[in-house]
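Printed here is my_file37.txt (compact mmCIF, C-alpha atoms and all ligand atoms):
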# COMPACT_ATOMS: atom_id res chain seq x y z
CA MET K 1 -59.21 56.09 -66.25
CA SER K 2 -58.21 58.39 -63.47
CA ARG K 3 -58.20 62.07 -64.24
CA ARG K 4 -56.95 64.67 -61.80
CA PRO K 5 -60.01 66.58 -60.58
CA PHE K 6 -60.37 70.24 -61.39
CA VAL K 7 -62.51 72.54 -59.24
CA ALA K 8 -62.97 76.15 -60.32
CA GLY K 9 -64.83 78.92 -58.54
CA ASN K 10 -66.78 81.30 -60.76
CA TRP K 11 -67.16 84.43 -58.68
CA LYS K 12 -69.41 86.00 -61.36
CA MET K 13 -70.08 89.72 -60.66
CA ASN K 14 -69.30 89.55 -56.96
CA CYS K 15 -66.67 90.96 -54.59
CA THR K 16 -65.10 94.33 -54.11
CA LEU K 17 -61.37 94.30 -53.42
CA VAL K 18 -61.97 94.30 -49.65
CA GLU K 19 -64.41 91.38 -49.87
CA ALA K 20 -62.12 89.46 -52.20
CA ARG K 21 -59.14 89.82 -49.85
CA GLU K 22 -61.16 88.40 -47.00
CA LEU K 23 -62.38 85.46 -49.10
CA MET K 24 -58.88 84.76 -50.35
CA SER K 25 -57.37 84.85 -46.90
CA GLY K 26 -59.85 82.12 -45.88
CA LEU K 27 -59.01 80.06 -48.97
CA ARG K 28 -55.27 80.34 -48.39
CA LYS K 29 -55.71 78.81 -44.96
CA LEU K 30 -58.11 76.07 -46.03
CA VAL K 31 -56.67 74.91 -49.38
CA GLN K 32 -53.29 73.47 -48.51
CA PRO K 33 -50.55 73.16 -51.15
CA GLY K 34 -50.10 69.63 -52.47
CA ILE K 35 -53.79 68.73 -52.59
CA PRO K 36 -54.40 66.28 -55.51
CA VAL K 37 -56.89 68.59 -57.21
CA ASP K 38 -56.36 71.48 -59.64
CA VAL K 39 -58.05 74.56 -58.19
CA ALA K 40 -58.77 77.92 -59.80
CA VAL K 41 -60.71 81.06 -58.92
CA CYS K 42 -62.22 83.01 -61.81
CA THR K 43 -62.56 86.58 -60.57
CA PRO K 44 -63.97 89.74 -62.11
CA PHE K 45 -61.44 91.64 -64.25
CA THR K 46 -60.87 94.34 -61.60
CA LEU K 47 -59.57 91.69 -59.18
CA LEU K 48 -57.19 89.80 -61.46
CA TYR K 49 -53.98 91.64 -60.57
CA PRO K 50 -54.52 91.89 -56.80
CA MET K 51 -55.83 88.33 -56.53
CA GLY K 52 -52.93 87.08 -58.64
CA ARG K 53 -50.60 88.49 -56.00
CA GLU K 54 -52.65 86.94 -53.18
CA LEU K 55 -52.35 83.54 -54.85
CA ASP K 56 -48.55 83.63 -54.81
CA GLY K 57 -47.24 80.71 -52.81
CA THR K 58 -50.49 78.73 -53.10
CA ASP K 59 -51.48 76.01 -55.58
CA ILE K 60 -54.62 77.95 -56.53
CA LYS K 61 -54.61 79.30 -60.10
CA LEU K 62 -56.11 82.48 -61.46
CA GLY K 63 -58.98 82.49 -63.94
CA ALA K 64 -61.09 85.02 -65.85
CA GLN K 65 -64.75 84.85 -66.83
CA ASN K 66 -64.62 86.18 -70.38
CA CYS K 67 -62.21 87.31 -73.10
CA TYR K 68 -62.65 89.05 -76.44
CA PHE K 69 -61.21 87.38 -79.53
CA GLU K 70 -59.59 90.42 -81.18
CA SER K 71 -56.02 91.13 -80.15
CA LYS K 72 -56.30 94.90 -79.61
CA GLY K 73 -58.03 98.05 -80.81
CA ALA K 74 -61.29 99.95 -80.69
CA PHE K 75 -63.45 97.47 -78.73
CA THR K 76 -64.72 99.54 -75.81
CA GLY K 77 -65.27 97.51 -72.69
CA GLU K 78 -63.46 94.41 -73.89
CA THR K 79 -60.31 92.60 -72.73
CA SER K 80 -57.92 90.61 -74.92
CA ALA K 81 -56.22 87.26 -74.40
CA ALA K 82 -52.79 88.97 -74.28
CA MET K 83 -54.03 91.27 -71.49
CA LEU K 84 -55.30 88.32 -69.47
CA LYS K 85 -52.14 86.32 -70.04
CA ALA K 86 -50.06 89.30 -68.85
CA ALA K 87 -52.14 89.32 -65.65
CA ASN K 88 -51.09 85.67 -65.07
CA VAL K 89 -54.50 84.27 -65.94
CA GLU K 90 -54.31 80.53 -66.61
CA TYR K 91 -57.98 79.66 -67.16
CA VAL K 92 -60.78 81.47 -68.96
CA ILE K 93 -64.46 80.55 -68.76
CA ILE K 94 -66.08 80.79 -72.20
CA GLY K 95 -69.70 80.15 -73.13
CA HIS K 96 -71.25 80.42 -69.69
CA SER K 97 -75.05 80.31 -69.99
CA GLU K 98 -75.24 83.82 -68.54
CA ARG K 99 -73.07 85.07 -71.43
CA ARG K 100 -75.16 83.12 -73.92
CA GLN K 101 -78.51 84.24 -72.53
CA ILE K 102 -78.05 87.72 -71.04
CA PHE K 103 -75.42 88.94 -73.51
CA GLY K 104 -76.60 86.99 -76.54
CA GLU K 105 -73.24 85.37 -77.32
CA SER K 106 -73.53 83.13 -80.37
CA GLY K 107 -71.77 79.87 -81.19
CA ASP K 108 -69.57 81.63 -83.78
CA LEU K 109 -68.47 84.27 -81.32
CA LEU K 110 -67.73 81.65 -78.68
CA ARG K 111 -65.64 79.64 -81.10
CA SER K 112 -63.50 82.71 -81.84
CA LYS K 113 -63.11 83.36 -78.12
CA VAL K 114 -62.10 79.76 -77.35
CA LYS K 115 -59.50 79.87 -80.11
CA ALA K 116 -58.11 83.27 -79.01
CA CYS K 117 -57.64 82.05 -75.43
CA LEU K 118 -56.00 78.76 -76.43
CA ASP K 119 -53.78 80.48 -79.01
CA GLY K 120 -52.90 83.00 -76.31
CA GLY K 121 -51.51 80.23 -74.13
CA MET K 122 -54.33 79.92 -71.59
CA SER K 123 -56.65 77.04 -70.75
CA VAL K 124 -60.36 77.25 -71.48
CA ILE K 125 -63.36 76.06 -69.51
CA TYR K 126 -66.03 75.80 -72.20
CA CYS K 127 -69.57 75.70 -70.74
CA VAL K 128 -72.57 73.93 -72.18
CA GLY K 129 -76.01 73.26 -70.77
CA GLU K 130 -79.69 72.94 -71.60
CA LEU K 131 -82.71 74.95 -70.47
CA LEU K 132 -85.41 73.24 -68.43
CA GLU K 133 -87.87 73.25 -71.35
CA GLN K 134 -85.23 71.63 -73.56
CA ARG K 135 -84.68 68.88 -70.98
CA ASP K 136 -88.44 68.41 -70.62
CA ALA K 137 -88.75 68.17 -74.41
CA GLY K 138 -86.13 65.39 -74.46
CA SER K 139 -83.64 67.48 -76.44
CA THR K 140 -80.81 67.74 -73.88
CA THR K 141 -78.20 65.86 -75.89
CA ASP K 142 -79.20 67.64 -79.13
CA VAL K 143 -78.64 70.99 -77.44
CA ILE K 144 -75.34 69.99 -75.83
CA GLY K 145 -74.12 68.37 -79.06
CA ARG K 146 -74.88 71.57 -80.97
CA GLN K 147 -73.16 73.78 -78.40
CA LEU K 148 -70.05 71.58 -78.54
CA ALA K 149 -70.01 71.55 -82.34
CA GLU K 150 -70.54 75.31 -82.59
CA GLY K 151 -67.92 76.36 -80.04
CA LEU K 152 -65.15 73.85 -80.72
CA GLY K 153 -63.26 72.80 -83.83
CA ASP K 154 -60.85 69.90 -84.38
CA ASP K 155 -58.06 72.44 -85.02
CA LEU K 156 -57.96 73.43 -81.33
CA ASP K 157 -55.20 72.67 -78.88
CA HIS K 158 -57.54 70.40 -76.92
CA GLY K 159 -54.94 69.54 -74.25
CA ARG K 160 -55.83 72.82 -72.55
CA LEU K 161 -59.58 72.44 -72.85
CA THR K 162 -62.02 71.55 -70.06
CA ILE K 163 -65.75 71.20 -70.63
CA ALA K 164 -68.22 72.30 -67.95
CA TYR K 165 -71.71 70.82 -68.07
CA GLU K 166 -74.02 73.31 -66.40
CA PRO K 167 -77.73 72.60 -66.79
CA VAL K 168 -79.24 76.10 -66.86
CA TRP K 169 -82.12 75.04 -64.59
CA ALA K 170 -79.59 74.09 -61.89
CA ILE K 171 -77.63 77.36 -61.86
CA GLY K 172 -78.27 79.45 -58.77
CA THR K 173 -81.55 77.65 -58.15
CA GLY K 174 -80.51 75.25 -55.40
CA ARG K 175 -81.79 72.49 -57.64
CA THR K 176 -78.94 70.28 -58.82
CA ALA K 177 -78.86 67.50 -61.42
CA THR K 178 -79.02 64.05 -59.87
CA PRO K 179 -75.78 62.07 -60.16
CA ASP K 180 -77.49 59.89 -62.81
CA GLN K 181 -78.54 62.92 -64.87
CA ALA K 182 -75.04 64.41 -64.63
CA GLN K 183 -73.31 61.14 -65.48
CA GLU K 184 -75.51 60.56 -68.53
CA VAL K 185 -74.67 63.96 -70.05
CA HIS K 186 -70.99 63.76 -69.07
CA ALA K 187 -70.65 60.39 -70.81
CA PHE K 188 -72.29 61.89 -73.90
CA ILE K 189 -69.87 64.86 -73.86
CA ARG K 190 -66.88 62.51 -73.49
CA GLU K 191 -68.03 60.50 -76.49
CA ARG K 192 -68.38 63.69 -78.56
CA MET K 193 -64.90 64.86 -77.49
CA ALA K 194 -63.44 61.49 -78.51
CA GLY K 195 -65.18 61.90 -81.88
CA LEU K 196 -63.78 65.39 -82.37
CA PHE K 197 -60.26 65.05 -80.96
CA GLY K 198 -59.60 61.28 -80.84
CA ALA K 199 -59.98 58.52 -78.26
CA ASP K 200 -57.05 59.64 -76.10
CA ALA K 201 -58.43 63.14 -75.77
CA GLY K 202 -61.83 61.68 -74.92
CA ASN K 203 -60.25 59.72 -72.08
CA THR K 204 -58.11 62.48 -70.67
CA MET K 205 -60.31 65.56 -71.06
CA ARG K 206 -61.81 66.79 -67.82
CA ILE K 207 -65.52 67.46 -67.65
CA GLN K 208 -66.74 69.56 -64.73
CA TYR K 209 -70.28 69.64 -63.41
CA GLY K 210 -71.76 73.01 -62.45
CA GLY K 211 -75.11 74.09 -61.06
CA SER K 212 -75.83 74.45 -57.33
CA VAL K 213 -72.81 72.38 -56.29
CA LYS K 214 -72.63 72.60 -52.48
CA PRO K 215 -70.73 70.81 -49.72
CA GLY K 216 -73.79 68.60 -49.18
CA ASN K 217 -74.04 67.24 -52.76
CA ALA K 218 -70.42 67.43 -53.98
CA ALA K 219 -69.39 63.93 -52.90
CA GLU K 220 -72.18 62.12 -54.76
CA LEU K 221 -71.63 64.16 -57.93
CA MET K 222 -67.84 63.72 -57.84
CA ALA K 223 -68.33 59.96 -57.41
CA CYS K 224 -69.75 59.71 -60.96
CA PRO K 225 -67.17 58.12 -63.27
CA ASP K 226 -67.28 60.89 -65.88
CA VAL K 227 -67.50 63.85 -63.48
CA ASP K 228 -63.98 65.24 -63.02
CA GLY K 229 -64.61 68.21 -60.80
CA ALA K 230 -66.90 71.18 -60.48
CA LEU K 231 -67.51 74.72 -61.66
CA VAL K 232 -68.87 76.38 -58.55
CA GLY K 233 -70.78 79.66 -58.38
CA GLY K 234 -72.40 80.72 -55.10
CA ALA K 235 -70.55 78.24 -52.89
CA SER K 236 -67.19 79.51 -54.17
CA LEU K 237 -67.87 82.83 -52.39
CA VAL K 238 -67.75 81.10 -48.99
CA ALA K 239 -64.23 79.87 -48.25
CA GLU K 240 -65.33 76.93 -46.06
CA ASP K 241 -67.87 75.72 -48.64
CA PHE K 242 -65.46 75.97 -51.56
CA ALA K 243 -62.75 74.16 -49.59
CA SER K 244 -65.18 71.43 -48.64
CA ILE K 245 -66.11 70.88 -52.33
CA ILE K 246 -62.38 70.67 -53.19
CA LEU K 247 -61.88 68.08 -50.46
CA ALA K 248 -64.85 66.06 -51.74
CA SER K 249 -63.17 65.97 -55.18
CA ALA K 250 -59.88 64.88 -53.64
CA ALA K 251 -61.67 62.08 -51.78
CA ALA K 252 -63.30 60.91 -55.03
CA VAL K 253 -59.82 60.39 -56.58
CA SER K 254 -58.43 58.43 -53.69
CA ARG K 255 -61.34 55.99 -53.70
P1 LIG K 301 -74.18 78.14 -58.78
O1 LIG K 301 -73.15 77.20 -58.18
O2 LIG K 301 -74.37 79.39 -58.00
O3 LIG K 301 -75.45 77.41 -59.09
O4 LIG K 301 -73.58 78.63 -60.19
C1 LIG K 301 -73.09 77.68 -61.06
C2 LIG K 301 -72.38 78.38 -62.15
O5 LIG K 301 -73.01 79.03 -62.98
C3 LIG K 301 -70.91 78.29 -62.20
O6 LIG K 301 -70.41 78.77 -63.39
As a first step, turn the structure in this file into structure tokens.
Amino acid sequence: MSRRPFVAGNWKMNCTLVEARELMSGLRKLVQPGIPVDVAVCTPFTLLYPMGRELDGTDIKLGAQNCYFESKGAFTGETSAAMLKAANVEYVIIGHSERRQIFGESGDLLRSKVKACLDGGMSVIYCVGELLEQRDAGSTTDVIGRQLAEGLGDDLDHGRLTIAYEPVWAIGTGRTATPDQAQEVHAFIRERMAGLFGADAGNTMRIQYGGSVKPGNAAELMACPDVDGALVGGASLVAEDFASIILASAAAVSR
């Protein structure tokens, strides 16, 4: 089964407008239109409109890092799906481990957010991943299975859903999962997605790996049969590194 790779940069809470313009000007030069990879940059909210304009004429899509599930009203500090859609956002990251851990987002809340984004016409990158102590205790697939079941329901428009497997111990630590570790969890996720949405969806759904993906390890991770791209944090803030990861994904398809 060949799935078109999907590489997304998660800028997290980084970049002023000046810094973002510089990063984007590098990306525009390095990521040529027509590359056989879907590419997105998920910027902070303040950068969505200006970066949307900078992406005009490129094949790079705009993404956000969060979205509230209510449509409007007295929710200080929050942003709705309609607001993101109006800013030309195509992808929204939901369930990142930093949202789960630092901001205490629960499975129920995440499920509402996933649904609001899909109903609002955007695509969702739904993140799952285990802590180091959970891996050491042998409960990785229990944790991932629970996160998938809590955040996703069979009523969702799964055609616009991507799953990102991000082991928490690999995020920002420089320590990445081995290709075997990634492949094992990705195959498990694919099986669960086939169970929830049907065999076709299991085959076509893209599953990204995230956690210290760098130019030096991207090729071996992308070579895994069930790894369909990457969700990149730190390396997405360096145009050359992000472009090199995109090229590694393109090379994995043409093998
Ligand atoms: P790093 O690539 O910096 O480890 O971050 C991964 C991540 O959390 C992407 O969402």
Residues within 7 Å of ligand LIG 301 (chain K) should be enumerated using only C-alpha atoms and all ligand atoms and returned as an mmCIF file with C-alpha atoms, in the coordinates of the input.
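Ended up saving to pocket_14.cif:
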data_model
loop_
_atom_site.group_PDB
_atom_site.id
_atom_site.type_symbol
_atom_site.label_atom_id
_atom_site.label_comp_id
_atom_site.auth_asym_id
_atom_site.auth_seq_id
_atom_site.Cartn_x
_atom_site.Cartn_y
_atom_site.Cartn_z
ATOM 1 C CA ASN K 10 -66.780 81.300 -60.760
ATOM 2 C CA HIS K 96 -71.250 80.420 -69.690
ATOM 3 C CA GLU K 166 -74.020 73.310 -66.400
ATOM 4 C CA ALA K 170 -79.590 74.090 -61.890
ATOM 5 C CA ILE K 171 -77.630 77.360 -61.860
ATOM 6 C CA GLY K 172 -78.270 79.450 -58.770
ATOM 7 C CA THR K 173 -81.550 77.650 -58.150
ATOM 8 C CA GLY K 174 -80.510 75.250 -55.400
ATOM 9 C CA GLY K 210 -71.760 73.010 -62.450
ATOM 10 C CA GLY K 211 -75.110 74.090 -61.060
ATOM 11 C CA SER K 212 -75.830 74.450 -57.330
ATOM 12 C CA VAL K 213 -72.810 72.380 -56.290
ATOM 13 C CA LEU K 231 -67.510 74.720 -61.660
ATOM 14 C CA VAL K 232 -68.870 76.380 -58.550
ATOM 15 C CA GLY K 233 -70.780 79.660 -58.380
ATOM 16 C CA GLY K 234 -72.400 80.720 -55.100
ATOM 17 C CA ALA K 235 -70.550 78.240 -52.890
#
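Closest approach to K:Asp56 among K:Ile144, K:Ser25, K:Ala82, K:Pro36: K:Ser25, based on all atoms listed in the file.
Nearest-residue note for K:Ser71: choosing from K:Leu84, K:Val37, K:Met205, K:Leu30, the minimum distance belongs to K:Leu84, counting all atoms listed in the file.
Of the listed residues K:Arg100, K:Arg53, K:Arg192, K:Lys113, the one whose atoms come nearest to K:Asp142 is K:Arg192, with distances taken using all atoms listed in the file.
Proximity ranking of K:Glu78, K:Glu130, K:Asp228, K:Asp200 relative to K:Ser2 places K:Asp228 first, based on all atoms listed in the file.
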Q | Test item: which residues lie within 10 Å of (-63.2, 90.2, -78.0) counting all atoms listed in the file, as a list in words | A | Asn66, Cys67, Tyr68, Phe69, Glu70, Ser71, Lys72, Gly73, Phe75, Thr76, Gly77, Glu78, Thr79, Ser80, Ala81, Leu109, Leu110, Ser112, Lys113 and Ala116 of chain K
Q: Using all atoms listed in the file, determine which residues lie at most 9 Å from stretch 180-182 of chain K, disregarding the query and same-chain residues fewer than 5 positions distant; provide the list as a ChimeraX atom specification.
A: /K:165,167,187,209,221,224,226-227
Q: Please identify all polymer residues within 12 Å of K:Phe45, counting only C-alpha atoms, omitting same-chain residues fewer than 3 positions from it, and present them as an MDAnalysis selection string.
A: chainID K and resid 11:17 41:42 48:52 62:67 77:80 83:84 87:89 92
Q: For atom CA of K:Asp59 and atom CA of K:Ser236, quote the distance in Å rounded to one decimal.
A: 16.2 Å
Q) atom CA of K:Glu98 and atom CA of K:Thr140 are how many Å apart? A) 17.8 Å
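Going from atom CA of K:Leu118 over to atom CA of K:Ile93, you cover 11.6 Å.
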